[in-house]
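Novice: One structure coming up, written as structure tokens, with questions to follow.
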Amino acid sequence: MPDQELHLNRGTGNPPNPWVVHLQSRPLPWFYSPVKLRVWSLLLFLFLVGALWIKTQNLFLPNAGHYLALLSAFMVPLAFFNLRKTAIGHCMGLTVTALTGLGLAAYLINGHRLDGDLEKIISGASILALILLAAGFKMKKFLSPFKVFGTGRAWKHIHIYSGVIALLLLIFHINFRFPVGLFSNAMFYLFGSFIVVGFFGIYLQHVIPMKLADLEIEVVYEKIPQIIAELQERVQGLLKKPDESNVSPLLSSFCKQEVLPFFKGALPNIQYAFSVSSGLIDKLHKFDNCHQFLGEEEQQILDEIKKYYKYKQKLDVHASLQWLLRRWLWLHVFLACLVTVFVTHHLILILMY
Amino acid sequence: MPHKVTFQDINRSIEVPEGVSILEAAEEAGIDILSSCRKGQCGTCAIQKVQGEISVVEGVEVAPEMAKKGMVLSCASRPLTDLVCKTTFQEDEYPAKVTAIIDRTPDTKSFHLQMDTRDGHGFEPGQFLTVGPVIDGKKQFRCYSTSSSCFNKDYIEITIKRQKKGLVSNFFHDFVELGKTIHVKKPKGNFKLDLNATTNLLLIGSGSGITPLISMIRSLTEKKSSRKINLLYGNRSLDEIIFHKELLELEVANPNFQMEIFLSRPDSEWQGRKGRIDPKAIKDAVKACEGKLSLYTCGPGPVMEMAVESGKANGIPKNDCHMEAFAPPKEKLPDNCLPLERMKEIDILGGLSDKVLERLQPHIMIRKFRPREVIVREGDFGNSAFYILDGQVAVHKTSVDLIDQPKKKPRSAWERFKRLLRKNPRGNEFIAPHHFKVTHTSINTEGHICDHEGKTLVPFFIPENPRDLEGNPIPESKIISLPRGEIFGELAALFRYKRNATVTAGKDYCQTLELKIQALRILSTSNKEFGRFIEDRFRQRSLSRFLKDATLLKDCEFGLLEMITQKAKFHSFKPQQIILEEGDSNHEIYFILSGYVKLSQKFDSSELNFQTLKKGDFFGEFSLLSDGPSICSITAINNVQVVGLEKEIFNKIMEVETSREIIEQTVKERTHNRNELRTRMPSLSLLSFGIDHELVNGQSIMVINLDRCTRCDDCVKACADSHEGYPRFAREGKKIGNTLFPHSCMHCMDPLCMDGCPSGALHRSREHGEVLIDIDVCIGCTMCVTNCIYDNIVALPVAENVGSNGDVEFKKNPSNNKPILKSMKCDLCVETGDPACVRSCPQDAMKRLSFNDIFQTQI
């Protein structure tokens with residue numbers, strides 16, 4: 001009898017699943033804690049002051065490697081103390097980035113550098129390898145039925161931190177100076193904006209889901225037009241009385257001006273990214289104004305329409321924010337394609353000349 | 001002796017066996033007679049008798065003027081001689097114009113019908129109207145209760161709830177527009193309120209059963225009657241309450257009217273009564289009413305039966321208890337079902353009334369097995385028992401290596417990759433014919449699944465010289481032969497555990513009577529002898545094993561276990577039945593054999609659920625230990641079976657050290673849970689949500705953390721890619737706060753979908769117990785889709801051709817000309833053992849968890 005239960009079923013006596021704890025307690029990220037933020041900002045400030053002090057005291061001549069070592073050394077405890085329990089993927093990603101930074105720093109501090117061209121070939125090839133590794137995230141999505149390729153979450157971290165390390169290597173590749181020439185400049189800024197858009201995406205993916213989760217409804221993006229059409233039908237149905245007579249001119253004109261255009265389709269608005277109830281109170285106020293001039297029967301109709309109006313506004317929020325989440329990705333992919341074209345051209349030039 | 005009945009108007013003759021109604025015989029012969037209540041109450045099945053004699057069921061009468069015209073009710077009439085009839089009684093039909101359509105709930109609409117003649121608008125509150133819209137060129141008659149006041153002479157209002165497979169209800173919802181003309185017959189029906197009577201009224205309704213009741217309330221309100229009206233109205237959720245606004249208005253308009261609305265799945269803002277209407281609520285309502293009382297009830301059968309029983313138990317005279325007589329059309333009986341006369345000859349069914357046999361009929365069937373054909377497999381989870389009618393069966397005590405059993409080999413990675421490239425890009429709309437085997441399957445009269453040519457499909461046999469799993473021959477001594485008259489498989493079905501032996505037909509053909517779980521439940525309650533037989537069987541065969549597995553009793557001596565086995569008492573509880581009420585004393589400790597119960601406590605004005613218990617858990621220990629009242633209420637969530645042990649045995653158990661420690665620890669934990677109620681509100685509201693939505697059954701519930709989900713749908717795409725393009729879930733479902741429970745199979749402990757799968761396509765995997773559908777074997781009966789209360793199974797049509805413009809032509813079953821369907825549901829990616837949806841989520845927003853993991857985590 002006991003083996004009727006699935007292998008993954010567990011009893012009540014087990015410790016709570018951390019994922020469920022996170023789900024129910026909804027913890028904020030570590031940097032939302034003012035104390036932690038102050039402590040780590042202070043530590044960063046002390047690091048920077050220390051670096052400046054070393055430079056002013058002429059204890060030794062610091063180069064880029066020293067600053068990189070300092071920053072990398074700061075990142076490891078930052079990741080370890082704040083992320084090891086809540087975001088192990090980011091903790092590992094930051095640690096690997098910091099270790100790469102330390103490796104580069106050691107090379108730069110050491111002073112025994114390879115031939116300039118060889119150094120550029122090695123760093124360039126590494127950047128290319130990292131870009132390909134990051135692009136593997138998309139490949140993994142295509143091969144999602146195969147367990148052997150690991151989890152989407154692991155690949156997301158590989159994607160993010162291979163991009164970050166590639167940026168680090170790019171800075172090393174261009175020898176910590178702005179590049180010279182139109183093509184090099186274009187490629188540098190393109191790569192930079194590609195990475196910045198990536199970081200912006202991480203921010204959006206962190207903030208927008210929480211805003212959407214707080215709404216009472218959850219909808220699939222593709223179904224929004226269909227739901228709005230149904231709502232529109234219902235509102236139009238309410239404006240026809242059971243005996244086929246029309247509602248009063250006041251209610252009718254109010255609906256024509258304020259309500260029916262609202263139900264024509266999804267009305268995405270970037271304002272919703274800042275406040276999910278943006279403009280709603282003003283719009284509902286118009287309902288209240290109209291309400292006082294209507295008879296009892298039409299007041300009920302208006303209340304019903306108001307209910308649909310609020311619902312539609314939530315659909316608009318979903319349409320806007322889900323649109324943002326999708327369009328950001330398009331921009332990121334578009335920039336990735338451009339970077340690929342530039343890198344290929346860059347490679348051809350190197351191989352040819 | 002059978003009599004010949006000739007239907008003159010359609011030029012058909014049938015033979016009606018003795019004791020069978022004309023309606024039943026006509027349906028068997030494929031003659032379409034419109035019917036509704038099937039109890040001689042509604043008059044829908046009226047036919048015209050031209051010649052011959054009939055006997056009518058006692059208590060059924062037709063109006064004298066109708067009888068003069070030859071009207072007889074076919075459901076309540078049996079021929080005494082050969083008869084000549086006409087299939088319809090020519091009643092006058094009136095054209096009625098739809099003058100208004102009012103949305104009541106998302107799936108319920110009211111229609112105002114205005115006839116040319118005002119006489120047609122006359123009716124008595126509670127009666128029904130027969131409407132006959134023309135659908136696909138054929139007039140389809142259905143009866144709907146009136147919901148307007150009988151004093152309204154301008155129109156008649158009927159209220160129609162959309163039914164999943166309702167031909168007419170869907171027609172009304174989708175195609176009936178204002179101004180459309182529909183033919184109707186004059187309102188009629190015996191469920192009606194006498195407006196001149198003076199008794200107070202207790203009205204009990206559930207769901208769309210409110211329609212005749214609101215007609216009564218509206219009529220009495222308009223009449224300004226001084227009769228007191230008390231309405232108990234049950235619904236699932238707030239948005240499903242039909243006439244909510246109107247009822248609230250009526251409460252204001254009529255000072256003599258009061259109501260209580262019960263919601264079984266209320267949201268957090270609901271202030272009214274929670275749960276279902278139960279005998280206690282009816283008792284309280286009867287107590288609250290003064291003077292002489294009449295009861296009117298309309299709704300699902302069990303609710304009406306419970307209401308009438310409770311009304312009678314609380315002193316309402318039998319004649320004053322009125323029940324609406326509508327019943328759904330009789331289920332089409334399987335081809336191989338037994339006629340009542342044959343059923344009476346079987347000793348296990350002997351002595352049962354016709355009414356009970358009729359209830360049993362759809363749930364039993366004859367199954368014939370060839371020599372050595374496997375009847376039940378060890379390790380499977382079945383929902384039926386088998387009674388041997390003829391021949392012998394062989395029970396294999398040792399595990400048999402069924403080498404001839406068709407096994408599906410897991411596909412290689414390369415094969416899976418090829419299928420990925422050849423996936424159906426429109427997999428959420430239809431099934432590509434080359435992806436699965438499609439046969440026009442059905443069950444033949446011998447109980448075998450066969451194709452359209454009648455050729456039997458996929459039987460499998462035990463080898464001639466069976467071997468055990470280690471390859472050693474199984475000696476004859478290890479095979480038990482069961483003769484005619486024996487029953488097997490009943491305990492596994494009733495108590496929902498896996499089959500513990502493989503049973504095959506003997507050396508000759510064997511004929512069995514397959515009794516589905518519903519039949520077993522009916523038999524256990526209606527035949528005391530059978531109930532005792534099941535109890536004794538369970539006591540002999542399974543209870544000792546169950547007790548041995550129970551953690552609480554693991555160190556008890558053999559003598560004590562033996563004593564428990566002998567003295568244990570069996571109790572069954574229906575869903576929502578209170579087993580133990582807070583403050584009451586109990587004299588037994590209970591062990592759950594099957595089902596789920598919830599523990600709750602009164603907290604201020606509401607009842608808070610704080611824990612659920614499942615099979616193998618125990619309760620009632622606190623009261624026994626303290627000799628005081630129970631500290632919490634214990635309620636059955638679904639059908640629950642328990643064994644109770646008296647205090648004397650409990651004291652003996654307490655003498656065993658480990659058992660005492662477990663009980664003390666349990667008491668400590670439950671007391672702690674109870675004391676911490678105030679601080680655990682968020683997780684408790686989640687627990688109540690889980691119980692209200694009956695997720696307690698889930699072993700692998702899909703949960704999405706919406707705080708993390710970026711709505712990228714990678715999970716759905718991964719699921720589709722893993723299944724040739726057919727996604728097995730939708731990213732929409734039930735939401736509470738930041739948690740979404742999408743429509744995805746939960747692989748229930750007690751899978752309702754498996755009840756009645758005729759082809760055996762639905763099964764549990766041997767390895768881990770996942771509930772799976774063998775899509776090749778599925779015959780698309782959609783039984784599982786209907787049975788799954790969570791809407792987690794979908795049926796997709798099989799495409800024949802896809803046109804260049806994207807239009808799809810579906811493959812049709814020649815027998816009924818309807819598209820061939822295949823059921824699909826989540827299989828937990830059993831091939832890889834790791835669900836692709838969870839694995840592919842880049843945000844770690846999705847998990848598959850058991851009920852306990854999600855809902856009983858104490859945070």
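Each chain in the structure tokens gets a letter, A, B, ..., in the order shown, and its residues are numbered from 1; ligands are numbered from 1 in order too.
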Enumerate, in order of chain and increasing residue number, the residues of stretch 239-286 of chain A with an atom no farther than 9 Å from stretch 299-306 of chain A, each with its shortest atom pair and distance in Å to one decimal, counting only C-alpha atoms, as a tab-separated table.
Specialist:
residue	atom	partner	partner_atom	distance
A:Leu239	CA	A:Ile301	CA	7.7
A:Leu251	CA	A:Leu302	CA	7.9
A:Val259	CA	A:Ile305	CA	8.3
A:Leu284	CA	A:Lys306	CA	7.5
Novice: Write the residues of the preceding selection, restricted to all heavy atoms, as a CSV table (one decimal), in the first residue's frame.
Specialist:
chain,number,residue,atom,x,y,z
A,239,LEU,N,-25.8,47.8,-21.9
A,239,LEU,CA,-26.4,49.1,-22.4
A,239,LEU,C,-27.7,48.9,-23.1
A,239,LEU,O,-28.4,49.9,-23.5
A,239,LEU,CB,-25.4,49.8,-23.3
A,239,LEU,CG,-24.1,50.3,-22.5
A,239,LEU,CD1,-23.2,50.9,-23.5
A,239,LEU,CD2,-24.5,51.3,-21.4
A,251,LEU,N,-26.3,58.2,-19.6
A,251,LEU,CA,-25.5,57.0,-19.5
A,251,LEU,C,-24.9,56.6,-20.8
A,251,LEU,O,-23.8,56.2,-21.0
A,251,LEU,CB,-26.3,55.8,-18.9
A,251,LEU,CG,-25.6,54.5,-18.6
A,251,LEU,CD1,-24.4,54.7,-17.7
A,251,LEU,CD2,-26.5,53.5,-18.1
A,259,VAL,N,-16.3,54.9,-21.9
A,259,VAL,CA,-16.2,53.5,-21.7
A,259,VAL,C,-15.9,52.6,-22.9
A,259,VAL,O,-14.9,51.9,-23.0
A,259,VAL,CB,-17.5,53.0,-21.0
A,259,VAL,CG1,-17.4,51.5,-20.7
A,259,VAL,CG2,-17.8,53.7,-19.7
A,284,LEU,N,-12.0,56.3,-12.6
A,284,LEU,CA,-13.2,55.9,-11.8
A,284,LEU,C,-13.9,57.0,-11.2
A,284,LEU,O,-15.1,56.9,-11.0
A,284,LEU,CB,-12.7,54.9,-10.7
A,284,LEU,CG,-12.1,53.6,-11.1
A,284,LEU,CD1,-11.7,52.8,-9.9
A,284,LEU,CD2,-13.0,52.8,-12.0
Novice: Find the residues around B:Ser585 up to 10 Å (only C-alpha atoms counted), leave out those fewer than 5 positions away in its own chain, and share them as a list of chain:residue names.
Specialist: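 In the requested form, the answer reads B:Leu580, B:Gly620, B:Phe622, B:Ser623, B:Leu624, B:Asp627, B:Gly628, B:Pro629, B:Ser630, B:Ile631.
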Novice: What's the 12 Å shell around A:Phe293, counting only C-alpha atoms, without same-chain residues fewer than 3 positions away, as a PyMOL selection string?
Specialist: chain A and resi 248-251+254+286-290+296-299+302
Novice: Any idea which chain B residues end up within 7 Å of chain A if we count only C-alpha atoms, as a ChimeraX atom specification please?
Specialist: /B:99-102,497-498,699,705-710,718,721-722,732,737-738,749,768-770,832,836,839-844,850,852-854,856-857,859
Novice: Tell me which protein, DNA and RNA residues are within 7 Å of B:Asn230, counting only C-alpha atoms, leaving out same-chain ones fewer than 4 positions away, and put them as a PDB file with N, CA, C and O atoms, in the first residue's frame.
Specialist:
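As a result, selection-v3.pdb now contains:
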ATOM      1  N   LEU B 201     -42.662  28.237   4.133  1.00  0.00           N
ATOM      2  CA  LEU B 201     -41.900  27.482   3.133  1.00  0.00           C
ATOM      3  C   LEU B 201     -40.425  27.389   3.483  1.00  0.00           C
ATOM      4  O   LEU B 201     -39.810  28.378   3.891  1.00  0.00           O
ATOM      5  N   LEU B 202     -39.899  26.193   3.320  1.00  0.00           N
ATOM      6  CA  LEU B 202     -38.450  26.014   3.375  1.00  0.00           C
ATOM      7  C   LEU B 202     -38.021  25.583   1.972  1.00  0.00           C
ATOM      8  O   LEU B 202     -38.421  24.518   1.502  1.00  0.00           O
ATOM      9  N   LEU B 203     -37.273  26.455   1.315  1.00  0.00           N
ATOM     10  CA  LEU B 203     -36.829  26.160  -0.048  1.00  0.00           C
ATOM     11  C   LEU B 203     -35.347  25.803  -0.021  1.00  0.00           C
ATOM     12  O   LEU B 203     -34.553  26.532   0.584  1.00  0.00           O
ATOM     13  N   PHE B 257     -39.235  37.050   3.662  1.00  0.00           N
ATOM     14  CA  PHE B 257     -38.274  36.173   2.978  1.00  0.00           C
ATOM     15  C   PHE B 257     -36.868  36.360   3.545  1.00  0.00           C
ATOM     16  O   PHE B 257     -36.391  37.480   3.686  1.00  0.00           O
ATOM     17  N   GLN B 258     -36.256  35.248   3.896  1.00  0.00           N
ATOM     18  CA  GLN B 258     -34.847  35.314   4.285  1.00  0.00           C
ATOM     19  C   GLN B 258     -34.092  34.147   3.652  1.00  0.00           C
ATOM     20  O   GLN B 258     -34.689  33.120   3.352  1.00  0.00           O
ATOM     21  N   MET B 259     -32.804  34.372   3.459  1.00  0.00           N
ATOM     22  CA  MET B 259     -32.045  33.304   2.790  1.00  0.00           C
ATOM     23  C   MET B 259     -30.651  33.152   3.390  1.00  0.00           C
ATOM     24  O   MET B 259     -30.132  34.072   4.028  1.00  0.00           O
TER      25      MET B 259
END
Novice: For A:Val96, which of A:Val164, A:Ile270, A:Leu68, A:Leu347 is the closest residue, counting only C-alpha atoms?
Specialist: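 Of all the options, A:Val164 lies closest to A:Val96.
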Novice: Please report the interatomic distance between atom CA of B:Cys712 and atom CA of A:Phe262 in Å with one decimal.
Specialist: 26.9 Å
Novice: Enumerate as number ranges by chain all residues of stretch 601-657 of chain B assigned to helix (DSSP H, G or I) by DSSP on the backbone, naming them with the chain letters and numbers the document uses.
Specialist: B: 621-626, 647-655, 657
Novice: Rank A:Thr56, A:Leu48, A:Gly93, A:Gln271 by their smallest atom-to-atom distance to A:Phe74, using only C-alpha atoms, and report the top residue only.
Specialist: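 Looking at the shortest contact to A:Phe74, the residue is A:Leu48.
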